[in-house]
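The file final.txt contains compact mmCIF, C-alpha atoms and all ligand atoms:
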# COMPACT_ATOMS: atom_id res chain seq x y z
CA MET V 1 56.29 -38.93 6.08
CA LYS V 2 53.96 -38.03 3.22
CA MET V 3 52.16 -34.71 3.27
CA LEU V 4 49.36 -33.09 1.29
CA GLU V 5 48.06 -29.56 1.58
CA ILE V 6 44.40 -29.05 0.97
CA ASP V 7 43.79 -25.49 -0.18
CA LEU V 8 40.24 -24.20 -0.03
CA GLY V 9 41.13 -20.51 -0.15
CA LYS V 10 39.75 -19.53 3.26
CA HIS V 11 40.88 -22.80 4.80
CA LYS V 12 44.18 -24.52 4.19
CA TYR V 13 45.30 -27.58 6.09
CA ASN V 14 47.78 -30.39 5.90
CA ILE V 15 47.22 -34.11 5.82
CA LEU V 16 50.19 -36.01 7.30
CA ILE V 17 50.59 -39.73 6.60
CA GLU V 18 53.19 -41.79 8.44
CA LYS V 19 53.42 -45.24 9.96
CA GLY V 20 53.77 -44.87 13.75
CA LEU V 21 52.64 -41.23 13.72
CA VAL V 22 50.28 -41.71 16.68
CA ARG V 23 53.23 -42.42 18.99
CA ASN V 24 54.45 -38.89 18.19
CA LEU V 25 51.07 -37.21 18.31
CA GLY V 26 52.15 -34.93 21.18
CA HIS V 27 55.09 -33.62 19.16
CA GLU V 28 52.92 -33.14 16.06
CA ILE V 29 50.16 -31.32 17.94
CA LYS V 30 52.68 -29.10 19.71
CA SER V 31 53.67 -27.70 16.31
CA ILE V 32 50.14 -26.35 15.73
CA TYR V 33 48.68 -25.84 19.22
CA ASN V 34 50.14 -24.08 22.22
CA ASN V 35 47.29 -23.78 24.69
CA LYS V 36 46.75 -26.27 27.51
CA LYS V 37 43.54 -28.25 27.21
CA ILE V 38 42.72 -31.01 24.77
CA ALA V 39 39.40 -32.88 24.71
CA LEU V 40 39.70 -36.18 22.85
CA VAL V 41 36.59 -37.89 21.53
CA THR V 42 37.09 -41.59 20.85
CA ASP V 43 35.25 -44.92 21.11
CA GLU V 44 35.79 -47.83 23.48
CA ASN V 45 37.57 -50.03 20.91
CA VAL V 46 40.06 -47.35 19.92
CA TYR V 47 40.51 -46.21 23.51
CA SER V 48 41.34 -49.71 24.75
CA LEU V 49 43.87 -50.27 21.94
CA TYR V 50 45.51 -46.87 21.64
CA GLY V 51 44.26 -44.64 24.48
CA GLN V 52 47.37 -45.15 26.57
CA VAL V 53 49.83 -44.49 23.71
CA VAL V 54 48.11 -41.24 22.85
CA LYS V 55 47.84 -40.18 26.49
CA GLU V 56 51.56 -40.72 27.08
CA SER V 57 52.51 -38.93 23.89
CA LEU V 58 50.39 -35.86 24.73
CA GLN V 59 51.36 -35.79 28.42
CA LYS V 60 55.03 -35.43 27.44
CA TYR V 61 54.01 -31.97 26.27
CA LYS V 62 52.13 -31.21 29.51
CA TYR V 63 48.70 -31.00 27.95
CA GLU V 64 45.69 -31.29 30.24
CA LEU V 65 43.54 -34.08 28.76
CA ARG V 66 39.92 -35.18 28.86
CA PHE V 67 39.03 -38.42 27.06
CA ILE V 68 35.36 -38.68 26.08
CA VAL V 69 34.73 -42.32 25.21
CA VAL V 70 31.56 -43.22 23.30
CA ASP V 71 30.13 -46.62 22.35
CA PRO V 72 31.47 -47.95 19.05
CA GLY V 73 29.04 -47.87 16.13
CA GLU V 74 26.62 -45.71 14.21
CA SER V 75 24.20 -45.37 17.15
CA SER V 76 26.67 -42.94 18.76
CA LYS V 77 26.12 -40.41 15.97
CA SER V 78 23.03 -39.16 17.80
CA LEU V 79 21.84 -35.89 19.30
CA GLU V 80 21.83 -37.56 22.70
CA VAL V 81 25.50 -38.55 22.55
CA LEU V 82 26.31 -35.12 21.10
CA GLU V 83 24.66 -33.42 24.08
CA ASN V 84 26.66 -35.61 26.42
CA ILE V 85 29.86 -34.54 24.65
CA TYR V 86 28.93 -30.85 25.08
CA LYS V 87 28.39 -31.53 28.79
CA HIS V 88 31.88 -33.01 29.04
CA PHE V 89 33.32 -29.94 27.28
CA ILE V 90 31.58 -27.63 29.74
CA ASP V 91 32.63 -29.71 32.75
CA PHE V 92 36.22 -29.57 31.45
CA ASN V 93 35.90 -25.78 31.00
CA LEU V 94 36.87 -26.13 27.37
CA THR V 95 37.12 -22.71 25.73
CA ARG V 96 37.30 -21.48 22.16
CA SER V 97 41.09 -21.31 22.37
CA ASP V 98 41.39 -25.01 23.21
CA LEU V 99 41.55 -28.07 20.96
CA ILE V 100 39.34 -31.06 20.21
CA VAL V 101 40.78 -34.30 18.80
CA ALA V 102 38.57 -36.69 16.83
CA PHE V 103 40.33 -40.01 17.45
CA GLY V 104 38.48 -42.87 15.77
CA GLY V 105 36.67 -44.02 12.66
CA GLY V 106 34.05 -42.26 10.61
CA VAL V 107 31.44 -42.15 13.39
CA VAL V 108 33.81 -40.47 15.84
CA GLY V 109 35.17 -38.12 13.14
CA ASP V 110 31.71 -36.95 12.13
CA LEU V 111 30.45 -36.69 15.71
CA ALA V 112 33.49 -34.94 17.22
CA GLY V 113 33.79 -32.71 14.13
CA PHE V 114 30.19 -31.62 14.45
CA ALA V 115 30.62 -31.06 18.20
CA ALA V 116 33.69 -28.92 17.41
CA SER V 117 31.82 -26.95 14.75
CA SER V 118 28.91 -26.10 17.04
CA TYR V 119 30.30 -25.86 20.59
CA LEU V 120 30.85 -22.16 21.40
CA ARG V 121 30.23 -21.52 17.66
CA GLY V 122 33.35 -23.39 16.72
CA VAL V 123 36.48 -24.74 18.39
CA ASP V 124 39.59 -25.90 16.50
CA TYR V 125 39.88 -29.65 16.00
CA VAL V 126 42.16 -32.20 14.41
CA GLN V 127 41.29 -35.55 12.89
CA VAL V 128 43.20 -38.69 13.84
CA PRO V 129 41.34 -41.31 11.78
CA THR V 130 41.79 -44.94 12.82
CA THR V 131 39.98 -46.93 10.10
CA LEU V 132 40.90 -47.23 6.43
CA LEU V 133 37.58 -45.67 5.43
CA ALA V 134 38.13 -42.67 7.72
CA GLN V 135 41.77 -42.30 6.63
CA ILE V 136 40.91 -42.05 2.94
CA ASP V 137 37.53 -40.39 3.04
CA SER V 138 35.58 -39.12 6.02
CA SER V 139 38.42 -37.33 7.83
CA ILE V 140 39.05 -35.18 4.74
CA GLY V 141 36.81 -32.56 3.21
CA GLY V 142 35.07 -31.16 6.26
CA LYS V 143 31.74 -33.00 6.21
CA VAL V 144 30.63 -33.45 9.83
CA ALA V 145 27.22 -34.59 11.03
CA VAL V 146 24.97 -36.54 13.34
CA ASN V 147 21.99 -38.70 12.42
CA LEU V 148 18.29 -38.31 13.11
CA GLU V 149 15.82 -41.16 13.37
CA GLN V 150 14.63 -40.18 9.89
CA GLY V 151 18.02 -40.60 8.24
CA LYS V 152 21.79 -40.44 8.35
CA ASN V 153 23.74 -37.15 8.44
CA LEU V 154 20.62 -34.98 8.45
CA ILE V 155 22.14 -32.50 10.92
CA GLY V 156 25.59 -31.36 9.92
CA SER V 157 27.90 -28.77 8.44
CA PHE V 158 31.15 -28.29 6.60
CA TYR V 159 33.85 -27.69 9.21
CA HIS V 160 37.47 -28.37 8.39
CA PRO V 161 40.07 -29.70 10.83
CA LYS V 162 43.30 -27.81 11.49
CA ARG V 163 45.23 -30.89 10.46
CA VAL V 164 44.67 -34.58 9.68
CA PHE V 165 47.10 -37.11 11.20
CA ILE V 166 46.99 -40.49 9.48
CA ASP V 167 48.83 -43.47 10.97
CA PRO V 168 48.50 -46.50 8.65
CA GLN V 169 50.04 -48.71 11.38
CA LEU V 170 46.73 -48.51 13.23
CA LEU V 171 45.10 -50.58 10.50
CA HIS V 172 46.92 -53.72 11.68
CA THR V 173 44.35 -54.12 14.45
CA LEU V 174 41.36 -53.37 12.21
CA PRO V 175 39.05 -56.39 11.65
CA GLU V 176 39.00 -57.79 8.09
CA LYS V 177 35.44 -56.54 7.46
CA TYR V 178 36.57 -52.95 7.99
CA ILE V 179 39.58 -53.35 5.72
CA LYS V 180 37.11 -54.39 3.00
CA ASP V 181 34.91 -51.46 4.01
CA GLY V 182 37.78 -49.07 3.23
CA LEU V 183 38.90 -50.97 0.13
CA GLY V 184 35.46 -50.51 -1.45
CA GLU V 185 36.09 -46.76 -1.33
CA VAL V 186 39.74 -47.09 -2.39
CA ILE V 187 38.57 -48.90 -5.54
CA LYS V 188 35.95 -46.20 -6.06
CA TYR V 189 38.62 -43.47 -6.24
CA ALA V 190 40.52 -45.48 -8.85
CA CYS V 191 37.34 -46.10 -10.87
CA ILE V 192 36.32 -42.45 -11.06
CA LYS V 193 39.71 -40.76 -11.41
CA ASP V 194 42.80 -42.87 -11.88
CA ALA V 195 43.19 -45.81 -14.29
CA ASP V 196 46.89 -46.28 -13.35
CA PHE V 197 45.95 -46.56 -9.70
CA PHE V 198 43.25 -49.10 -10.67
CA GLN V 199 45.91 -51.09 -12.52
CA SER V 200 48.32 -51.11 -9.61
CA LEU V 201 45.57 -52.07 -7.13
CA SER V 202 44.60 -54.91 -9.47
CA SER V 203 48.09 -56.36 -9.21
CA ILE V 204 47.98 -56.73 -5.40
CA ARG V 205 47.84 -60.42 -4.51
CA SER V 206 47.95 -60.66 -0.71
CA LYS V 207 47.17 -58.83 2.50
CA ASN V 208 50.90 -58.54 3.10
CA GLU V 209 51.40 -56.79 -0.22
CA LEU V 210 48.44 -54.53 0.53
CA PHE V 211 49.91 -53.51 3.87
CA ASN V 212 53.35 -52.94 2.34
CA LYS V 213 51.77 -50.48 -0.07
CA ILE V 214 49.17 -49.02 2.25
CA GLU V 215 50.90 -45.68 2.93
CA ASN V 216 51.06 -44.98 -0.78
CA ILE V 217 47.49 -46.17 -1.35
CA ILE V 218 46.20 -43.84 1.36
CA TYR V 219 48.23 -40.99 -0.13
CA ARG V 220 46.78 -41.53 -3.61
CA CYS V 221 43.20 -41.66 -2.31
CA CYS V 222 43.67 -38.53 -0.18
CA ASN V 223 45.22 -36.75 -3.14
CA ILE V 224 42.24 -37.57 -5.36
CA LYS V 225 39.84 -36.40 -2.66
CA ARG V 226 41.92 -33.24 -2.12
CA LYS V 227 41.64 -32.29 -5.78
CA VAL V 228 37.92 -33.02 -5.93
CA VAL V 229 37.14 -31.05 -2.76
CA GLU V 230 39.34 -28.13 -3.86
CA LYS V 231 37.21 -27.85 -7.00
CA ASP V 232 33.87 -28.27 -5.27
CA GLU V 233 33.91 -27.98 -1.50
CA GLY V 234 30.12 -27.52 -1.30
CA ASP V 235 29.24 -30.79 -3.08
CA LYS V 236 27.26 -29.24 -5.92
CA GLY V 237 29.29 -30.59 -8.87
CA GLU V 238 32.60 -32.47 -9.11
CA ARG V 239 32.40 -33.73 -5.50
CA MET V 240 29.31 -35.73 -6.43
CA LEU V 241 31.65 -38.05 -8.36
CA LEU V 242 32.66 -39.42 -4.97
CA ASN V 243 29.19 -40.97 -4.86
CA PHE V 244 30.00 -43.56 -7.52
CA GLY V 245 28.27 -46.78 -6.39
CA HIS V 246 26.51 -44.93 -3.60
CA THR V 247 22.97 -44.55 -4.98
CA LEU V 248 22.52 -48.30 -5.07
CA GLY V 249 24.97 -48.82 -2.19
CA HIS V 250 23.07 -46.61 0.26
CA ALA V 251 19.81 -48.32 -0.64
CA ILE V 252 21.39 -51.75 -0.06
CA GLU V 253 22.78 -50.63 3.29
CA LYS V 254 19.33 -49.50 4.36
CA TYR V 255 17.48 -52.51 2.91
CA TYR V 256 19.72 -54.87 4.87
CA ASN V 257 19.63 -52.72 8.00
CA TYR V 258 23.38 -51.94 7.77
CA GLU V 259 24.44 -55.61 7.76
CA TYR V 260 26.73 -54.73 4.85
CA SER V 261 29.45 -52.26 5.70
CA HIS V 262 29.37 -49.01 3.72
CA GLY V 263 32.28 -50.01 1.46
CA GLU V 264 30.87 -53.48 0.81
CA ALA V 265 27.53 -51.93 -0.22
CA VAL V 266 29.34 -49.37 -2.41
CA ALA V 267 31.20 -52.23 -4.11
CA LEU V 268 27.88 -53.91 -4.95
CA GLY V 269 26.62 -50.56 -6.20
CA MET V 270 29.70 -49.85 -8.36
CA TYR V 271 29.60 -53.17 -10.14
CA ASN V 272 25.84 -53.41 -10.62
CA ILE V 273 25.34 -49.85 -11.87
CA THR V 274 28.29 -50.30 -14.26
CA LYS V 275 26.88 -53.57 -15.60
CA LYS V 276 23.69 -51.66 -16.46
CA SER V 277 25.39 -48.55 -17.82
CA GLU V 278 27.57 -50.77 -20.00
CA ALA V 279 24.50 -52.56 -21.38
CA LEU V 280 22.87 -49.17 -22.00
CA GLY V 281 25.89 -47.91 -23.94
CA TYR V 282 27.15 -45.29 -21.47
CA THR V 283 30.26 -47.26 -20.53
CA GLU V 284 33.10 -48.91 -22.43
CA THR V 285 32.55 -52.64 -22.87
CA GLY V 286 34.55 -54.74 -20.42
CA THR V 287 34.52 -52.14 -17.62
CA SER V 288 32.20 -54.12 -15.33
CA GLU V 289 34.40 -57.20 -15.86
CA LYS V 290 37.42 -55.20 -14.68
CA ILE V 291 35.44 -54.21 -11.57
CA ILE V 292 34.56 -57.87 -10.90
CA ASN V 293 38.23 -58.81 -11.17
CA ILE V 294 39.46 -56.17 -8.76
CA LEU V 295 36.70 -56.95 -6.25
CA ASN V 296 37.49 -60.67 -6.49
CA ASN V 297 41.11 -59.80 -5.86
CA PHE V 298 40.19 -58.39 -2.48
CA LYS V 299 37.45 -60.99 -1.83
CA ILE V 300 34.78 -58.32 -1.89
CA GLU V 301 31.32 -59.45 -3.02
CA TYR V 302 29.99 -58.03 -6.29
CA LYS V 303 26.82 -60.08 -6.87
CA LEU V 304 23.60 -58.53 -5.65
CA PRO V 305 21.88 -60.65 -3.06
CA ASN V 306 18.33 -61.72 -3.76
CA LEU V 307 16.47 -58.49 -3.09
CA LYS V 308 13.26 -56.78 -4.14
CA MET V 309 14.26 -54.13 -6.67
CA ASP V 310 10.96 -52.28 -6.12
CA LYS V 311 11.88 -51.76 -2.49
CA ILE V 312 15.38 -50.59 -3.48
CA LYS V 313 13.81 -48.10 -5.89
CA ASP V 314 11.51 -46.76 -3.14
CA ILE V 315 14.52 -46.27 -0.87
CA ILE V 316 16.42 -44.46 -3.64
CA LEU V 317 13.49 -42.15 -4.35
CA PHE V 318 13.06 -41.38 -0.64
CA ASP V 319 16.72 -40.32 -0.28
CA LYS V 320 17.11 -36.68 0.74
CA LYS V 321 19.42 -36.04 -2.22
CA ASN V 322 16.70 -36.95 -4.71
CA ILE V 323 14.01 -34.49 -3.72
CA SER V 324 14.41 -32.33 -6.83
CA GLY V 325 12.85 -34.92 -9.14
CA LYS V 326 16.25 -35.82 -10.60
CA ILE V 327 18.87 -38.26 -9.43
CA ASN V 328 22.52 -37.51 -10.04
CA LEU V 329 23.77 -40.93 -10.94
CA ILE V 330 27.53 -41.39 -11.13
CA LEU V 331 28.65 -43.55 -14.04
CA LEU V 332 31.95 -44.40 -15.72
CA ASN V 333 32.87 -43.74 -19.35
CA LYS V 334 35.63 -46.21 -18.64
CA ILE V 335 37.94 -47.03 -15.73
CA GLY V 336 39.44 -43.77 -14.40
CA HIS V 337 36.73 -41.55 -15.88
CA GLY V 338 33.61 -40.94 -13.83
CA PHE V 339 30.83 -38.59 -14.89
CA ILE V 340 27.54 -37.32 -13.54
CA GLU V 341 24.36 -38.34 -15.34
CA SER V 342 21.27 -36.50 -14.22
CA VAL V 343 18.46 -39.02 -14.50
CA SER V 344 14.76 -38.30 -14.10
CA ILE V 345 12.92 -40.34 -11.52
CA ASP V 346 10.96 -42.02 -14.32
CA SER V 347 14.04 -43.18 -16.18
CA ILE V 348 15.91 -44.53 -13.13
CA ASN V 349 14.12 -47.85 -13.77
CA LYS V 350 16.34 -48.72 -16.69
CA PHE V 351 19.36 -48.74 -14.36
CA LEU V 352 17.64 -50.94 -11.81
CA GLU V 353 15.76 -53.57 -13.81
N1 LIG U 401 32.36 -38.87 1.37
C1 LIG U 401 31.99 -38.07 0.28
C2 LIG U 401 32.35 -36.64 0.44
O1 LIG U 401 33.09 -36.29 1.32
O2 LIG U 401 31.87 -35.82 -0.30
Final structure tokens representation of the file:
Amino acid sequence: MKMLEIDLGKHKYNILIEKGLVRNLGHEIKSIYNNKKIALVTDENVYSLYGQVVKESLQKYKYELRFIVVDPGESSKSLEVLENIYKHFIDFNLTRSDLIVAFGGGVVGDLAGFAASSYLRGVDYVQVPTTLLAQIDSSIGGKVAVNLEQGKNLIGSFYHPKRVFIDPQLLHTLPEKYIKDGLGEVIKYACIKDADFFQSLSSIRSKNELFNKIENIIYRCCNIKRKVVEKDEGDKGERMLLNFGHTLGHAIEKYYNYEYSHGEAVALGMYNITKKSEALGYTETGTSEKIINILNNFKIEYKLPNLKMDKIKDIILFDKKNISGKINLILLNKIGHGFIESVSIDSINKFLE
């Protein structure tokens, strides 16, 4: 088992990473929680694959369980589904001394985490992320939220779990598209913070090799995120580095109505912004070529589809993060070294032409 401690002063919690961990979830939870009731929020896909395993593991420790199963997909991150979850909590007589488990991908983690942060002004919760993206990113760092019609994550808070339990074995049932989704973000961590990690990812030649190394890959990503969040929990400085590829990526996701997964769109964003920043002299020559090679390695697309850049620019300018008249663009000096470039709205054009 690999373990990391994330230390935010007021909040400290451990991230445990182990193949097969979910089969021992009851034992693991017993070491941090002694009351009786556990409400588990999950989605139908995860429930049908792993609901029974988790139920049996928790029942060994005599917990009283309530599974709240939502539809898979982004549409579940809504106020309506959130209200329904609160109703389940009330019906289950869940109190402040009980526990909530977020058992799923990023949607479930954000939704259940926000429910935990707001129900009775806060109930303890743990994250059991089931996708690569959730295991390396969204389950760590305390960002929880639901969407509004007007945009993603507009209602949310920072609310940290008591512990994060990561079982890389679960990824064996994850569809290929969602492996790529996570890999986009894995590559992002290497680009902004760790040239050695980039090098070792670049040497991976097959899915088998990837899965043999996955525990270590997850550990390295979580460790980078831990350090970044420890420096800047509130996302006002260093944490913004995690948005490398995201300015363009988010706009592409929106433009194509979320046909691209988040990680695939981030990959397009990372390469295309780096190609521009290299041409503009911000980035060491050859960096965008290295990004092409690593993306090719994992069969992740890097070429922008035929899109209207004007429309992309409008989407970028409309983003809630850009309301101050400046855009914090994340660029690379070179592989392993990300930096924040504050760009005025007028000069964003040169990165998009
Ligand atoms: N996913 C980016 C962050 O947690 O800040």
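Taking atom CA of V:Leu65 as the reference point, atom CA of V:Lys162 is found at 18.4 Å.
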Centre, edges in Å (one decimal): axis-aligned box, stretch 264-275 of chain V, 3 Å padding on all six sides, as JSON:
{"center_x": 28.3, "center_y": -51.6, "center_z": -7.4, "size_x": 11.9, "size_y": 10.5, "size_z": 22.4}
(message) At a cut-off of 12 Å around ligand LIG 401 (chain U), and using all atoms listed in the file, what residues come up? Please write them as an MDAnalysis selection string.
(response) chainID V and resid 106 110 133:145 153 157:160 182 185:186 188:189 221:222 224:246 262:263 266
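Shortest separation to V:Ile300 among V:Leu332, V:Ile327, V:Val69, V:Ile179 occurs at residue V:Ile179, atoms counted being all atoms listed in the file.
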(request) Have a look at atom CA of V:Thr95 and atom CA of V:Met3 and let me know their distance in Å, one decimal. (result) 29.6 Å
(message) Ranking V:Ala251, V:Val164, V:Ile316, V:Leu94 by minimum distance to V:Glu18 and counting all atoms listed in the file, which one comes first?
(response) V:Val164
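Shortest atom-to-atom contact with V:Asp194 among V:Leu120, V:Ile335, V:Ile218, V:Val101: V:Ile335, counting all atoms listed in the file.
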Within 9 Å of V:Ala190, counting all atoms listed in the file, which residues show up once you throw out same-chain ones fewer than 6 positions away? Write them as a PDB file with C-alpha atoms, in the coordinates of the input, please.
ATOM      1  CA  ASP V 196      46.890 -46.280 -13.350  1.00  0.00           C
ATOM      2  CA  PHE V 197      45.950 -46.560  -9.700  1.00  0.00           C
ATOM      3  CA  PHE V 198      43.250 -49.100 -10.670  1.00  0.00           C
ATOM      4  CA  GLN V 199      45.910 -51.090 -12.520  1.00  0.00           C
ATOM      5  CA  LEU V 201      45.570 -52.070  -7.130  1.00  0.00           C
ATOM      6  CA  CYS V 221      43.200 -41.660  -2.310  1.00  0.00           C
ATOM      7  CA  ILE V 224      42.240 -37.570  -5.360  1.00  0.00           C
ATOM      8  CA  ILE V 335      37.940 -47.030 -15.730  1.00  0.00           C
ATOM      9  CA  GLY V 336      39.440 -43.770 -14.400  1.00  0.00           C
ATOM     10  CA  HIS V 337      36.730 -41.550 -15.880  1.00  0.00           C
TER      11      HIS V 337
END
(request) Mind checking which residues fall within 7 Å of stretch 340-353 of chain V, counting only C-alpha atoms, ignoring those fewer than 2 positions away in the same chain, and posting them as a ChimeraX atom specification? (result) /V:241,273,276-277,309,325-331
Any chance you can output those residues with C-alpha atoms as a PDB file, keeping the file's coordinate frame?
ATOM      1  CA  LEU V 241      31.650 -38.050  -8.360  1.00  0.00           C
ATOM      2  CA  ILE V 273      25.340 -49.850 -11.870  1.00  0.00           C
ATOM      3  CA  LYS V 276      23.690 -51.660 -16.460  1.00  0.00           C
ATOM      4  CA  SER V 277      25.390 -48.550 -17.820  1.00  0.00           C
ATOM      5  CA  MET V 309      14.260 -54.130  -6.670  1.00  0.00           C
ATOM      6  CA  GLY V 325      12.850 -34.920  -9.140  1.00  0.00           C
ATOM      7  CA  LYS V 326      16.250 -35.820 -10.600  1.00  0.00           C
ATOM      8  CA  ILE V 327      18.870 -38.260  -9.430  1.00  0.00           C
ATOM      9  CA  ASN V 328      22.520 -37.510 -10.040  1.00  0.00           C
ATOM     10  CA  LEU V 329      23.770 -40.930 -10.940  1.00  0.00           C
ATOM     11  CA  ILE V 330      27.530 -41.390 -11.130  1.00  0.00           C
ATOM     12  CA  LEU V 331      28.650 -43.550 -14.040  1.00  0.00           C
TER      13      LEU V 331
END
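Here atom CA of V:Arg66 is placed at a distance of 10.6 Å from atom CA of V:Thr42.
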(request) Skip V:Lys180 itself and residues of its chain fewer than 4 positions away, then list as a list in words all residues within 12 Å of it, counting all atoms listed in the file. (result) Thr131, Leu132, Leu133, Leu171, Leu174, Pro175, Glu176, Gly184, Glu185, Val186, Ile187, Lys207, Leu210, Tyr260, Ser261, His262, Gly263, Glu264, Ala265, Val266, Ala267, Leu295, Asn296, Asn297, Phe298, Lys299, Ile300 and Glu301 of chain V
Pull C-alpha atoms from the residues just selected and write them as a tab-separated table (two decimals), keeping the file's coordinate frame.
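Writing the result to part_39.tsv gives the following:
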chain	number	residue	atom	x	y	z
V	131	THR	CA	39.98	-46.93	10.10
V	132	LEU	CA	40.90	-47.23	6.43
V	133	LEU	CA	37.58	-45.67	5.43
V	171	LEU	CA	45.10	-50.58	10.50
V	174	LEU	CA	41.36	-53.37	12.21
V	175	PRO	CA	39.05	-56.39	11.65
V	176	GLU	CA	39.00	-57.79	8.09
V	184	GLY	CA	35.46	-50.51	-1.45
V	185	GLU	CA	36.09	-46.76	-1.33
V	186	VAL	CA	39.74	-47.09	-2.39
V	187	ILE	CA	38.57	-48.90	-5.54
V	207	LYS	CA	47.17	-58.83	2.50
V	210	LEU	CA	48.44	-54.53	0.53
V	260	TYR	CA	26.73	-54.73	4.85
V	261	SER	CA	29.45	-52.26	5.70
V	262	HIS	CA	29.37	-49.01	3.72
V	263	GLY	CA	32.28	-50.01	1.46
V	264	GLU	CA	30.87	-53.48	0.81
V	265	ALA	CA	27.53	-51.93	-0.22
V	266	VAL	CA	29.34	-49.37	-2.41
V	267	ALA	CA	31.20	-52.23	-4.11
V	295	LEU	CA	36.70	-56.95	-6.25
V	296	ASN	CA	37.49	-60.67	-6.49
V	297	ASN	CA	41.11	-59.80	-5.86
V	298	PHE	CA	40.19	-58.39	-2.48
V	299	LYS	CA	37.45	-60.99	-1.83
V	300	ILE	CA	34.78	-58.32	-1.89
V	301	GLU	CA	31.32	-59.45	-3.02
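Distances from V:Val41, V:Val46, V:Leu21, V:Val126 to V:Phe89 were compared using only C-alpha atoms, and the smallest one belongs to V:Val41.
Restricting the calculation to only C-alpha atoms, the smallest distance between V:Phe103 and any of V:Ser75, V:Gly122, V:Lys213, V:Phe67 is found for V:Phe67.
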Missing atoms in stretch 37-52 of chain V need filling: write out N, CA and C atoms for it as an mmCIF file, in the coordinates of the input.
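Output (rebuild-v4.cif):
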data_model
loop_
_atom_site.group_PDB
_atom_site.id
_atom_site.type_symbol
_atom_site.label_atom_id
_atom_site.label_comp_id
_atom_site.auth_asym_id
_atom_site.auth_seq_id
_atom_site.Cartn_x
_atom_site.Cartn_y
_atom_site.Cartn_z
ATOM 1 N N LYS V 37 44.538 -27.158 27.101
ATOM 2 C CA LYS V 37 43.540 -28.250 27.210
ATOM 3 C C LYS V 37 43.257 -28.933 25.879
ATOM 4 N N ILE V 38 43.144 -30.246 25.952
ATOM 5 C CA ILE V 38 42.720 -31.010 24.770
ATOM 6 C C ILE V 38 41.618 -31.987 25.187
ATOM 7 N N ALA V 39 40.471 -31.890 24.503
ATOM 8 C CA ALA V 39 39.400 -32.880 24.710
ATOM 9 C C ALA V 39 39.474 -33.872 23.558
ATOM 10 N N LEU V 40 39.612 -35.145 23.901
ATOM 11 C CA LEU V 40 39.700 -36.180 22.850
ATOM 12 C C LEU V 40 38.418 -36.996 22.832
ATOM 13 N N VAL V 41 37.776 -37.044 21.670
ATOM 14 C CA VAL V 41 36.590 -37.890 21.530
ATOM 15 C C VAL V 41 37.038 -39.168 20.831
ATOM 16 N N THR V 42 36.678 -40.306 21.426
ATOM 17 C CA THR V 42 37.090 -41.590 20.850
ATOM 18 C C THR V 42 36.019 -42.629 21.172
ATOM 19 N N ASP V 43 36.202 -43.880 20.692
ATOM 20 C CA ASP V 43 35.250 -44.920 21.110
ATOM 21 C C ASP V 43 35.982 -45.978 21.933
ATOM 22 N N GLU V 44 35.195 -46.872 22.535
ATOM 23 C CA GLU V 44 35.790 -47.830 23.480
ATOM 24 C C GLU V 44 36.846 -48.714 22.838
ATOM 25 N N ASN V 45 36.592 -49.148 21.584
ATOM 26 C CA ASN V 45 37.570 -50.030 20.910
ATOM 27 C C ASN V 45 38.913 -49.317 20.729
ATOM 28 N N VAL V 46 38.832 -48.106 20.198
ATOM 29 C CA VAL V 46 40.060 -47.350 19.920
ATOM 30 C C VAL V 46 40.754 -46.992 21.234
ATOM 31 N N TYR V 47 39.941 -46.606 22.212
ATOM 32 C CA TYR V 47 40.510 -46.210 23.510
ATOM 33 C C TYR V 47 41.262 -47.383 24.134
ATOM 34 N N SER V 48 40.656 -48.590 24.089
ATOM 35 C CA SER V 48 41.340 -49.710 24.750
ATOM 36 C C SER V 48 42.624 -50.097 24.007
ATOM 37 N N LEU V 49 42.654 -49.911 22.699
ATOM 38 C CA LEU V 49 43.870 -50.270 21.940
ATOM 39 C C LEU V 49 44.947 -49.187 21.992
ATOM 40 N N TYR V 50 44.521 -47.941 21.862
ATOM 41 C CA TYR V 50 45.510 -46.870 21.640
ATOM 42 C C TYR V 50 45.405 -45.686 22.603
ATOM 43 N N GLY V 51 44.449 -45.763 23.544
ATOM 44 C CA GLY V 51 44.260 -44.640 24.480
ATOM 45 C C GLY V 51 45.536 -44.303 25.243
ATOM 46 N N GLN V 52 46.191 -45.359 25.736
ATOM 47 C CA GLN V 52 47.370 -45.150 26.570
ATOM 48 C C GLN V 52 48.526 -44.523 25.784
#
